[in-house]
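K.L.:
Sharing entry_15.pdb below, PDB, C-alpha atoms and all ligand atoms:
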ATOM      1  CA  MET A  28       0.000   0.000   0.000
ATOM      2  CA  ARG A  29       1.764   3.136  -1.260
ATOM      3  CA  LEU A  30       0.741   6.231   0.642
ATOM      4  CA  ALA A  31       1.489   9.789  -0.431
ATOM      5  CA  ILE A  32       0.952  12.995   1.466
ATOM      6  CA  TYR A  33       0.191  16.290  -0.296
ATOM      7  CA  PRO A  34       0.975  19.144   2.104
ATOM      8  CA  GLY A  35       0.304  22.846   1.679
ATOM      9  CA  SER A  36      -1.245  25.958   3.142
ATOM     10  CA  PHE A  37      -4.357  25.658   0.917
ATOM     11  CA  ASP A  38      -5.341  29.235   1.804
ATOM     12  CA  PRO A  39      -7.654  28.578   0.024
ATOM     13  CA  ILE A  40      -7.626  25.458  -2.203
ATOM     14  CA  THR A  41      -7.691  26.276  -5.953
ATOM     15  CA  ASN A  42      -8.292  24.388  -9.210
ATOM     16  CA  GLY A  43      -4.500  24.073  -9.469
ATOM     17  CA  HIS A  44      -4.345  22.155  -6.186
ATOM     18  CA  LEU A  45      -7.287  19.973  -7.245
ATOM     19  CA  ASP A  46      -5.534  19.055 -10.468
ATOM     20  CA  ILE A  47      -2.461  17.924  -8.514
ATOM     21  CA  ILE A  48      -4.696  15.890  -6.167
ATOM     22  CA  ARG A  49      -6.393  14.101  -9.088
ATOM     23  CA  ARG A  50      -3.083  13.278 -10.711
ATOM     24  CA  ALA A  51      -1.376  12.182  -7.478
ATOM     25  CA  GLN A  52      -4.298   9.882  -6.767
ATOM     26  CA  ARG A  53      -3.545   7.991  -9.961
ATOM     27  CA  LEU A  54       0.039   7.376  -8.889
ATOM     28  CA  PHE A  55      -0.518   6.141  -5.336
ATOM     29  CA  ASP A  56      -2.834   3.701  -3.535
ATOM     30  CA  ARG A  57      -3.749   6.220  -0.878
ATOM     31  CA  LEU A  58      -3.508  10.012  -0.730
ATOM     32  CA  ILE A  59      -3.702  12.286   2.298
ATOM     33  CA  VAL A  60      -4.002  16.045   1.836
ATOM     34  CA  ALA A  61      -2.339  17.713   4.816
ATOM     35  CA  VAL A  62      -3.373  21.299   5.446
ATOM     36  CA  MET A  63      -0.407  22.774   7.297
ATOM     37  CA  ALA A  64      -0.717  25.704   9.700
ATOM     38  CA  ASN A  65       2.117  27.809   8.172
ATOM     39  CA  PRO A  66       1.581  30.745  10.579
ATOM     40  CA  SER A  67       4.476  32.680   9.003
ATOM     41  CA  LYS A  68       2.318  33.087   5.875
ATOM     42  CA  HIS A  69      -0.424  34.827   7.911
ATOM     43  CA  PRO A  70      -3.259  32.836   6.353
ATOM     44  CA  LEU A  71      -6.620  34.463   5.581
ATOM     45  CA  PHE A  72      -8.570  31.360   6.640
ATOM     46  CA  THR A  73      -8.088  29.505   9.919
ATOM     47  CA  LEU A  74      -6.587  26.026   9.797
ATOM     48  CA  GLU A  75     -10.001  24.422  10.355
ATOM     49  CA  GLU A  76     -11.654  26.626   7.707
ATOM     50  CA  ARG A  77      -8.987  25.615   5.194
ATOM     51  CA  ARG A  78      -9.439  21.927   6.024
ATOM     52  CA  ARG A  79     -13.235  22.175   5.615
ATOM     53  CA  LEU A  80     -12.844  24.009   2.298
ATOM     54  CA  VAL A  81     -10.583  21.238   0.980
ATOM     55  CA  GLU A  82     -13.131  18.612   2.041
ATOM     56  CA  ARG A  83     -16.084  20.463   0.554
ATOM     57  CA  SER A  84     -14.192  21.184  -2.686
ATOM     58  CA  LEU A  85     -13.389  17.488  -3.088
ATOM     59  CA  GLN A  86     -17.088  16.706  -2.622
ATOM     60  CA  GLU A  87     -18.100  19.394  -5.124
ATOM     61  CA  ARG A  88     -15.727  17.981  -7.752
ATOM     62  CA  ASN A  89     -16.623  14.340  -7.035
ATOM     63  CA  ILE A  90     -13.122  13.436  -5.946
ATOM     64  CA  HIS A  91     -13.417  10.521  -3.552
ATOM     65  CA  GLU A  92     -11.151   8.509  -1.286
ATOM     66  CA  VAL A  93      -8.832  11.353  -0.369
ATOM     67  CA  GLU A  94      -8.294  11.957   3.343
ATOM     68  CA  VAL A  95      -7.896  15.512   4.589
ATOM     69  CA  ILE A  96      -6.102  16.370   7.805
ATOM     70  CA  ALA A  97      -4.952  19.632   9.399
ATOM     71  CA  ARG A  98      -1.731  19.891  11.384
ATOM     72  CA  ASP A  99       0.627  22.381  12.975
ATOM     73  CA  CYS A 100       3.877  20.426  12.994
ATOM     74  CA  LEU A 101       7.013  19.621  11.034
ATOM     75  CA  LEU A 102       6.065  18.037   7.709
ATOM     76  CA  ILE A 103       8.691  15.309   7.636
ATOM     77  CA  GLY A 104       7.693  14.132  11.134
ATOM     78  CA  LEU A 105       4.081  13.924  10.025
ATOM     79  CA  ALA A 106       4.980  12.038   6.836
ATOM     80  CA  ARG A 107       6.964   9.527   8.885
ATOM     81  CA  GLU A 108       4.195   9.139  11.471
ATOM     82  CA  LEU A 109       1.672   8.392   8.696
ATOM     83  CA  GLY A 110       4.005   5.957   6.971
ATOM     84  CA  ALA A 111       4.071   7.969   3.730
ATOM     85  CA  ALA A 112       6.337   6.822   0.920
ATOM     86  CA  ALA A 113       6.220  10.208  -0.781
ATOM     87  CA  ILE A 114       5.567  13.912  -0.342
ATOM     88  CA  ILE A 115       3.762  15.416  -3.325
ATOM     89  CA  ARG A 116       4.383  19.007  -4.394
ATOM     90  CA  GLY A 117       3.402  20.970  -7.475
ATOM     91  CA  LEU A 118       5.719  23.079  -9.605
ATOM     92  CA  ARG A 119       4.495  26.112 -11.481
ATOM     93  CA  ILE A 120       6.859  28.872 -12.429
ATOM     94  CA  THR A 121      10.625  28.626 -12.131
ATOM     95  CA  SER A 122      10.624  30.665  -8.914
ATOM     96  CA  ASP A 123       8.863  27.725  -7.180
ATOM     97  CA  PHE A 124      11.939  25.641  -7.886
ATOM     98  CA  GLU A 125      14.448  27.316  -5.587
ATOM     99  CA  ASN A 126      12.343  26.936  -2.471
ATOM    100  CA  GLU A 127      11.219  23.439  -3.313
ATOM    101  CA  PHE A 128      14.761  22.327  -4.043
ATOM    102  CA  GLN A 129      15.905  23.503  -0.622
ATOM    103  CA  THR A 130      12.926  21.927   1.152
ATOM    104  CA  ALA A 131      13.323  18.606  -0.663
ATOM    105  CA  LEU A 132      17.016  18.379   0.193
ATOM    106  CA  THR A 133      16.356  19.265   3.832
ATOM    107  CA  ASN A 134      13.591  16.665   4.066
ATOM    108  CA  ARG A 135      15.810  14.032   2.482
ATOM    109  CA  ASP A 136      18.493  14.850   4.996
ATOM    110  CA  LEU A 137      15.985  14.381   7.814
ATOM    111  CA  ASP A 138      14.555  11.133   6.409
ATOM    112  CA  SER A 139      15.968   9.609   3.254
ATOM    113  CA  SER A 140      13.247   6.948   3.060
ATOM    114  CA  ILE A 141      10.594   9.513   2.083
ATOM    115  CA  GLU A 142      10.798  10.706  -1.513
ATOM    116  CA  SER A 143       9.677  14.168  -2.654
ATOM    117  CA  VAL A 144       7.682  13.885  -5.870
ATOM    118  CA  TYR A 145       7.071  16.950  -8.044
ATOM    119  CA  LEU A 146       4.182  17.181 -10.461
ATOM    120  CA  MET A 147       4.437  19.823 -13.158
ATOM    121  CA  THR A 148       1.473  22.187 -13.265
ATOM    122  CA  ASN A 149      -1.246  21.798 -15.828
ATOM    123  CA  ARG A 150      -0.842  24.539 -18.455
ATOM    124  CA  ASP A 151      -4.400  25.734 -17.815
ATOM    125  CA  TYR A 152      -3.702  26.309 -14.114
ATOM    126  CA  SER A 153      -0.076  27.385 -14.192
ATOM    127  CA  PHE A 154      -0.862  30.993 -13.250
ATOM    128  CA  ILE A 155      -3.293  30.162 -10.439
ATOM    129  CA  SER A 156      -2.154  30.603  -6.865
ATOM    130  CA  SER A 157      -4.061  31.094  -3.610
ATOM    131  CA  SER A 158      -2.498  34.568  -3.327
ATOM    132  CA  ILE A 159      -3.640  35.690  -6.788
ATOM    133  CA  VAL A 160      -7.149  34.379  -6.138
ATOM    134  CA  LYS A 161      -7.334  36.293  -2.836
ATOM    135  CA  GLU A 162      -6.063  39.473  -4.453
ATOM    136  CA  VAL A 163      -8.576  39.293  -7.296
ATOM    137  CA  LYS A 164     -11.514  38.516  -5.002
ATOM    138  CA  ARG A 165     -10.549  41.157  -2.446
ATOM    139  CA  TYR A 166     -11.257  43.790  -5.091
ATOM    140  CA  GLY A 167     -14.564  42.226  -5.964
ATOM    141  CA  ALA A 168     -13.703  40.483  -9.258
ATOM    142  CA  GLU A 169     -14.881  37.009 -10.301
ATOM    143  CA  VAL A 170     -12.759  33.996  -9.372
ATOM    144  CA  SER A 171     -15.174  31.253 -10.422
ATOM    145  CA  ARG A 172     -12.792  29.991 -13.123
ATOM    146  CA  PHE A 173     -10.006  29.471 -10.586
ATOM    147  CA  VAL A 174     -11.681  27.884  -7.552
ATOM    148  CA  PRO A 175     -14.628  25.645  -6.615
ATOM    149  CA  GLN A 176     -17.929  27.366  -5.795
ATOM    150  CA  VAL A 177     -17.628  26.714  -2.055
ATOM    151  CA  VAL A 178     -14.316  28.560  -2.047
ATOM    152  CA  GLU A 179     -15.650  31.500  -4.041
ATOM    153  CA  ARG A 180     -18.512  31.842  -1.541
ATOM    154  CA  ALA A 181     -16.183  31.570   1.471
ATOM    155  CA  LEU A 182     -13.914  34.270   0.006
ATOM    156  CA  GLY A 183     -16.918  36.539  -0.564
ATOM    157  CA  GLU A 184     -18.004  36.115   3.068
ATOM    158  CA  LYS A 185     -14.497  36.664   4.372
ATOM    159  CA  PHE A 186     -13.988  39.905   2.482
ATOM    160  CA  GLN A 187     -17.414  41.234   3.453
ATOM    161  CA  LYS A 188     -16.344  41.015   7.095
ATOM    162  CA  VAL A 189     -13.030  42.835   6.751
TER     163      VAL A 189
HETATM  164  P1  LIG A 201       2.721  26.127   0.505
HETATM  165  O1  LIG A 201       2.559  27.328   1.395
HETATM  166  O2  LIG A 201       3.145  24.891   1.260
HETATM  167  O3  LIG A 201       3.526  26.363  -0.726
HETATM  168  P2  LIG A 201       0.362  26.158  -1.206
HETATM  169  O4  LIG A 201      -1.049  25.871  -0.806
HETATM  170  O5  LIG A 201       0.683  27.509  -1.723
HETATM  171  O6  LIG A 201       1.217  25.779   0.076
HETATM  172  O7  LIG A 201       0.832  25.086  -2.283
HETATM  173  C1  LIG A 201       0.841  23.721  -1.997
HETATM  174  C2  LIG A 201       1.481  22.980  -3.144
HETATM  175  O8  LIG A 201       0.630  23.056  -4.296
HETATM  176  C3  LIG A 201       2.823  23.557  -3.578
HETATM  177  O9  LIG A 201       3.669  22.494  -3.943
HETATM  178  C4  LIG A 201       2.480  24.397  -4.785
HETATM  179  O10 LIG A 201       3.551  24.519  -5.684
HETATM  180  C5  LIG A 201       1.360  23.563  -5.388
HETATM  181  N1  LIG A 201       0.477  24.376  -6.227
HETATM  182  C6  LIG A 201      -0.233  25.466  -5.879
HETATM  183  N2  LIG A 201      -0.903  25.971  -6.937
HETATM  184  C7  LIG A 201      -0.598  25.174  -8.001
HETATM  185  C8  LIG A 201      -0.929  25.177  -9.395
HETATM  186  N3  LIG A 201      -1.723  26.105  -9.923
HETATM  187  N4  LIG A 201      -0.413  24.202 -10.188
HETATM  188  C9  LIG A 201       0.414  23.268  -9.642
HETATM  189  N5  LIG A 201       0.786  23.219  -8.350
HETATM  190  C10 LIG A 201       0.301  24.153  -7.536
END
What does the file become when written as structure tokens?
Ligand code: ADP

P.N.:
Amino acid sequence: MRLAIYPGSFDPITNGHLDIIRRAQRLFDRLIVAVMANPSKHPLFTLEERRRLVERSLQERNIHEVEVIARDCLLIGLARELGAAAIIRGLRITSDFENEFQTALTNRDLDSSIESVYLMTNRDYSFISSSIVKEVKRYGAEVSRFVPQVVERALGEKFQKV
């Protein structure tokens, strides 16, 4: 049973993330999406809100058999605890590479039995990021092409409050 973990801030989940989830699911027997606290990124949504949005987006898109967890801990420790064979990450633009390269080498140093696996973005979603989606929605523009409906609604509610 090959288990992979797909970690991220998911603040909020986008169509780009969902594409990676679908593709990772084809490669592994079991996939766990791990919503990580990442307090240094000052997320818009709380950890629990982000976890719920991932779950509801998976339901909306009929993606089944993916577990969703939320954690505030070191990723490699979590991957080891779950017995994951691989950590899945997505690569978009070249600037993603530098950070990911450093993280992958650090994680390998900490536990060489867990492989980091990088999936290249889908051309249609290559420009989509949680940050861009938040910026666009904050100023009242449509983001329905970039995120599931539940996420668009949650963003609308969030920005009405602030
Ligand atoms: P983090 O703060 O850990 O980078 P993100 O939620 O921003 O969390 O991203 C999680 C993972 O999903 C990262 O590996 C990122 O590169 C990938 N990702 C995000 N958006 C896309 C996209 N549009 N296409 C492919 N991969 C993506």

K.L.:
Considering all atoms listed in the file, can you say which of A:Gly43, A:Glu82, A:Leu102, A:Glu94 comes closest to Arg150 (chain A)?

P.N.:
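Of A:Gly43, A:Glu82, A:Leu102, A:Glu94, the one nearest Arg150 (chain A), counting all atoms listed in the file, is A:Gly43.
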
K.L.:
I'd like to know which of A:Arg29, A:Lys68, A:Arg49, A:Arg57 is closest to Ser157 (chain A), using all atoms listed in the file.

P.N.:
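Smallest separation from Ser157 (chain A) among the options: A:Lys68.
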
K.L.:
With a distance cut-off of 12 Å and only C-alpha atoms, select the neighbouring residues of Gln86 (chain A), excluding the residue or stretch itself and same-chain residues fewer than 5 positions from it, and output the selection as a CSV table (one decimal) with C-alpha atoms, in the coordinates of the input.

P.N.:
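Saved the output as out.csv:
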chain,number,residue,atom,x,y,z
A,45,LEU,CA,-7.3,20.0,-7.2
A,79,ARG,CA,-13.2,22.2,5.6
A,80,LEU,CA,-12.8,24.0,2.3
A,81,VAL,CA,-10.6,21.2,1.0
A,91,HIS,CA,-13.4,10.5,-3.6
A,92,GLU,CA,-11.2,8.5,-1.3
A,93,VAL,CA,-8.8,11.4,-0.4
A,94,GLU,CA,-8.3,12.0,3.3
A,95,VAL,CA,-7.9,15.5,4.6
A,175,PRO,CA,-14.6,25.6,-6.6
A,176,GLN,CA,-17.9,27.4,-5.8
A,177,VAL,CA,-17.6,26.7,-2.1

K.L.:
Distance limit 8 Å, reference ligand LIG 201 (chain A), atoms considered: only C-alpha atoms and all ligand atoms. Which residues make the cut? Give them as an NGL selection string.

P.N.:
:A and (33-44 or 46-47 or 63 or 65 or 68 or 115-119 or 123 or 127 or 145-149 or 152-158)

K.L.:
Rank A:Asp56, A:Arg50, A:Leu182, A:Asn134 by their smallest atom-to-atom distance to Ala168 (chain A), using all atoms listed in the file, and report the top residue only.

P.N.:
A:Leu182

K.L.:
For Glu75 (chain A), which of A:Arg165, A:Arg135, A:Lys185, A:Arg98 is the closest residue, counting only C-alpha atoms?

P.N.:
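Answer, going by the shortest atom-to-atom distance: A:Arg98.
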
K.L.:
With distances taken over all atoms listed in the file, which of A:Leu54, A:Ala64, A:Val160, A:Ile96 is nearest to Arg78 (chain A)?

P.N.:
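Closest to Arg78 (chain A), using all atoms listed in the file: A:Ile96.
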
K.L.:
Could you work out how far CA of Ser140 (chain A) lies from CA of Thr121 (chain A), giving the answer in Å with one decimal?

P.N.:
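Distance between the two atoms: 26.6 Å.
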
K.L.:
Mind checking which residues fall within 10 Å of Glu169 (chain A), counting all atoms listed in the file, ignoring those fewer than 5 positions away in the same chain, and posting them as number ranges by chain?

P.N.:
A: 160, 163-164, 179, 183

K.L.:
Would you compute the distance between CA of Met28 (chain A) and CA of Ala112 (chain A)? Give it in Å to one decimal.

P.N.:
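Separation between CA of Met28 (chain A) and CA of Ala112 (chain A): 9.4 Å.
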
K.L.:
How far is it from CA of Arg53 (chain A) to CA of Ile90 (chain A), in Å with one decimal?

P.N.:
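We find that CA of Arg53 (chain A) and CA of Ile90 (chain A) lie 11.7 Å from each other.
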
K.L.:
A:Ser171, A:Leu58, A:Glu108, A:Leu101: which is nearest Thr133 (chain A), counting all atoms listed in the file?

P.N.:
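Of A:Ser171, A:Leu58, A:Glu108, A:Leu101, the one nearest Thr133 (chain A) is A:Leu101, counting all atoms listed in the file.
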
K.L.:
Neighbours of Ala31 (chain A) within 10 Å (all atoms listed in the file; same-chain residues fewer than 5 positions away dropped), as number ranges by chain?

P.N.:
A: 51-52, 54-60, 106, 109-115, 141-144
